[in-house]
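A.B. asks: Take this structure, written in structure tokens, and hold onto it; I'll ask about it next.
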Amino acid sequence: KPFQTDVHLFRRQQEAMGNKCCQCQGQEAEAVTAINAQAYGQFDPEETLDTKRSAVTVVFQLPNGSTKDIDFTTRPWGIDFTKSVPVTVKRVRANSHASSVGVQVDWVALKVGGKDLPAEFAQAMKIIQNHVLSLPENK
């Protein structure tokens, strides 16, 4: 039962932190952990704001059909994207990080941080924003 599994894992975590589990009655923590991991398989820790990165690689498709990997190391990037999919560079701000690494207008973002951008605009922008925010700020 998924709910009981979650409760047992929580109690095992409490026990590991010094709290005594009173209802698990000897169940194996490894088995519970494996079931719990499957139950929460949709959660992706790469998309949290708590993750800090030294670089984010974006794979762009260029107008000629080739692709180019660009590594961003600070934020803000200085890119204005279209408000639709495919997520396309609409403008590169002068003297920005994006201009210094060679990003050009009409490039299409295909992947961010090794993840394919989804076909839904809001989800794609969330991935981009979370990766941008994971970088140190340019001061």
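Naming scheme: A, B, ... for chains in displayed order of the structure tokens; residues 1 onward per chain; ligands 1 onward as shown.
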Find the residues near A:Thr57: any atom within 7 Å, counting only C-alpha atoms, skip ones fewer than 5 places away on the same chain, and give them as a ChimeraX atom specification.
C.D. replies: /A:69-72,112-113
A.B. asks: I need the chosen residues saved as a PDB file, in the first residue's frame, with N, CA, C and O atoms.
C.D. replies:
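Produced file result.pdb, reproduced below:
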ATOM      1  N   ASP A  69      26.534  23.678 -28.725  1.00  0.00           N
ATOM      2  CA  ASP A  69      26.458  23.660 -27.264  1.00  0.00           C
ATOM      3  C   ASP A  69      27.072  24.946 -26.733  1.00  0.00           C
ATOM      4  O   ASP A  69      28.195  25.295 -27.110  1.00  0.00           O
ATOM      5  N   ILE A  70      26.331  25.620 -25.867  1.00  0.00           N
ATOM      6  CA  ILE A  70      26.825  26.839 -25.226  1.00  0.00           C
ATOM      7  C   ILE A  70      26.794  26.620 -23.720  1.00  0.00           C
ATOM      8  O   ILE A  70      25.772  26.210 -23.168  1.00  0.00           O
ATOM      9  N   ASP A  71      27.907  26.901 -23.056  1.00  0.00           N
ATOM     10  CA  ASP A  71      27.995  26.798 -21.602  1.00  0.00           C
ATOM     11  C   ASP A  71      27.809  28.172 -20.974  1.00  0.00           C
ATOM     12  O   ASP A  71      28.581  29.093 -21.250  1.00  0.00           O
ATOM     13  N   PHE A  72      26.774  28.275 -20.132  1.00  0.00           N
ATOM     14  CA  PHE A  72      26.533  29.494 -19.379  1.00  0.00           C
ATOM     15  C   PHE A  72      27.078  29.281 -17.970  1.00  0.00           C
ATOM     16  O   PHE A  72      26.836  28.232 -17.364  1.00  0.00           O
ATOM     17  N   VAL A 112      18.427  21.884 -22.206  1.00  0.00           N
ATOM     18  CA  VAL A 112      19.016  22.708 -21.150  1.00  0.00           C
ATOM     19  C   VAL A 112      19.461  21.776 -20.038  1.00  0.00           C
ATOM     20  O   VAL A 112      18.661  20.990 -19.532  1.00  0.00           O
ATOM     21  N   GLY A 113      20.738  21.843 -19.700  1.00  0.00           N
ATOM     22  CA  GLY A 113      21.256  20.971 -18.646  1.00  0.00           C
ATOM     23  C   GLY A 113      21.081  19.501 -18.961  1.00  0.00           C
ATOM     24  O   GLY A 113      20.833  18.703 -18.058  1.00  0.00           O
TER      25      GLY A 113
END
A.B. asks: Run DSSP on the backbone and give me the residues of stretch 55-103 of chain A it puts in helix (DSSP H, G or I), as a PyMOL selection string.
C.D. replies: chain A and resi 97-100
A.B. asks: Env of A:Asp80: 10 Å cut, atoms = only C-alpha atoms, seq-sep filter 4 positions within chain, self excluded. Answer as a ChimeraX atom specification.
C.D. replies: /A:87-93,105
A.B. asks: Filtering to N, CA and C atoms, could you give me those residues as a tab-separated table (two decimals), in the first residue's frame?
C.D. replies:
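Okay, this is what ended up in result.tsv:
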chain	number	residue	atom	x	y	z
A	87	VAL	N	11.16	27.13	-28.36
A	87	VAL	CA	11.71	28.28	-27.63
A	87	VAL	C	12.90	28.82	-28.44
A	88	THR	N	12.70	30.01	-28.99
A	88	THR	CA	13.66	30.60	-29.93
A	88	THR	C	14.19	31.91	-29.39
A	89	VAL	N	15.47	32.17	-29.64
A	89	VAL	CA	16.08	33.43	-29.21
A	89	VAL	C	15.50	34.56	-30.05
A	90	LYS	N	14.83	35.48	-29.37
A	90	LYS	CA	14.23	36.64	-30.03
A	90	LYS	C	15.21	37.83	-30.01
A	91	ARG	N	15.97	37.94	-28.89
A	91	ARG	CA	16.93	39.04	-28.77
A	91	ARG	C	18.05	38.64	-27.83
A	92	VAL	N	19.25	39.08	-28.17
A	92	VAL	CA	20.41	38.92	-27.30
A	92	VAL	C	20.81	40.31	-26.86
A	93	ARG	N	20.79	40.54	-25.57
A	93	ARG	CA	21.10	41.87	-25.05
A	93	ARG	C	22.60	42.18	-25.21
A	105	VAL	N	20.37	35.54	-32.49
A	105	VAL	CA	18.93	35.57	-32.73
A	105	VAL	C	18.56	34.42	-33.66
A.B. asks: At a cut-off of 8 Å, using only C-alpha atoms, what residues contact A:Leu110? Leave out same-chain residues fewer than 4 positions from it and give the result as a PyMOL selection string.
C.D. replies: chain A and resi 58-61+87+116-117
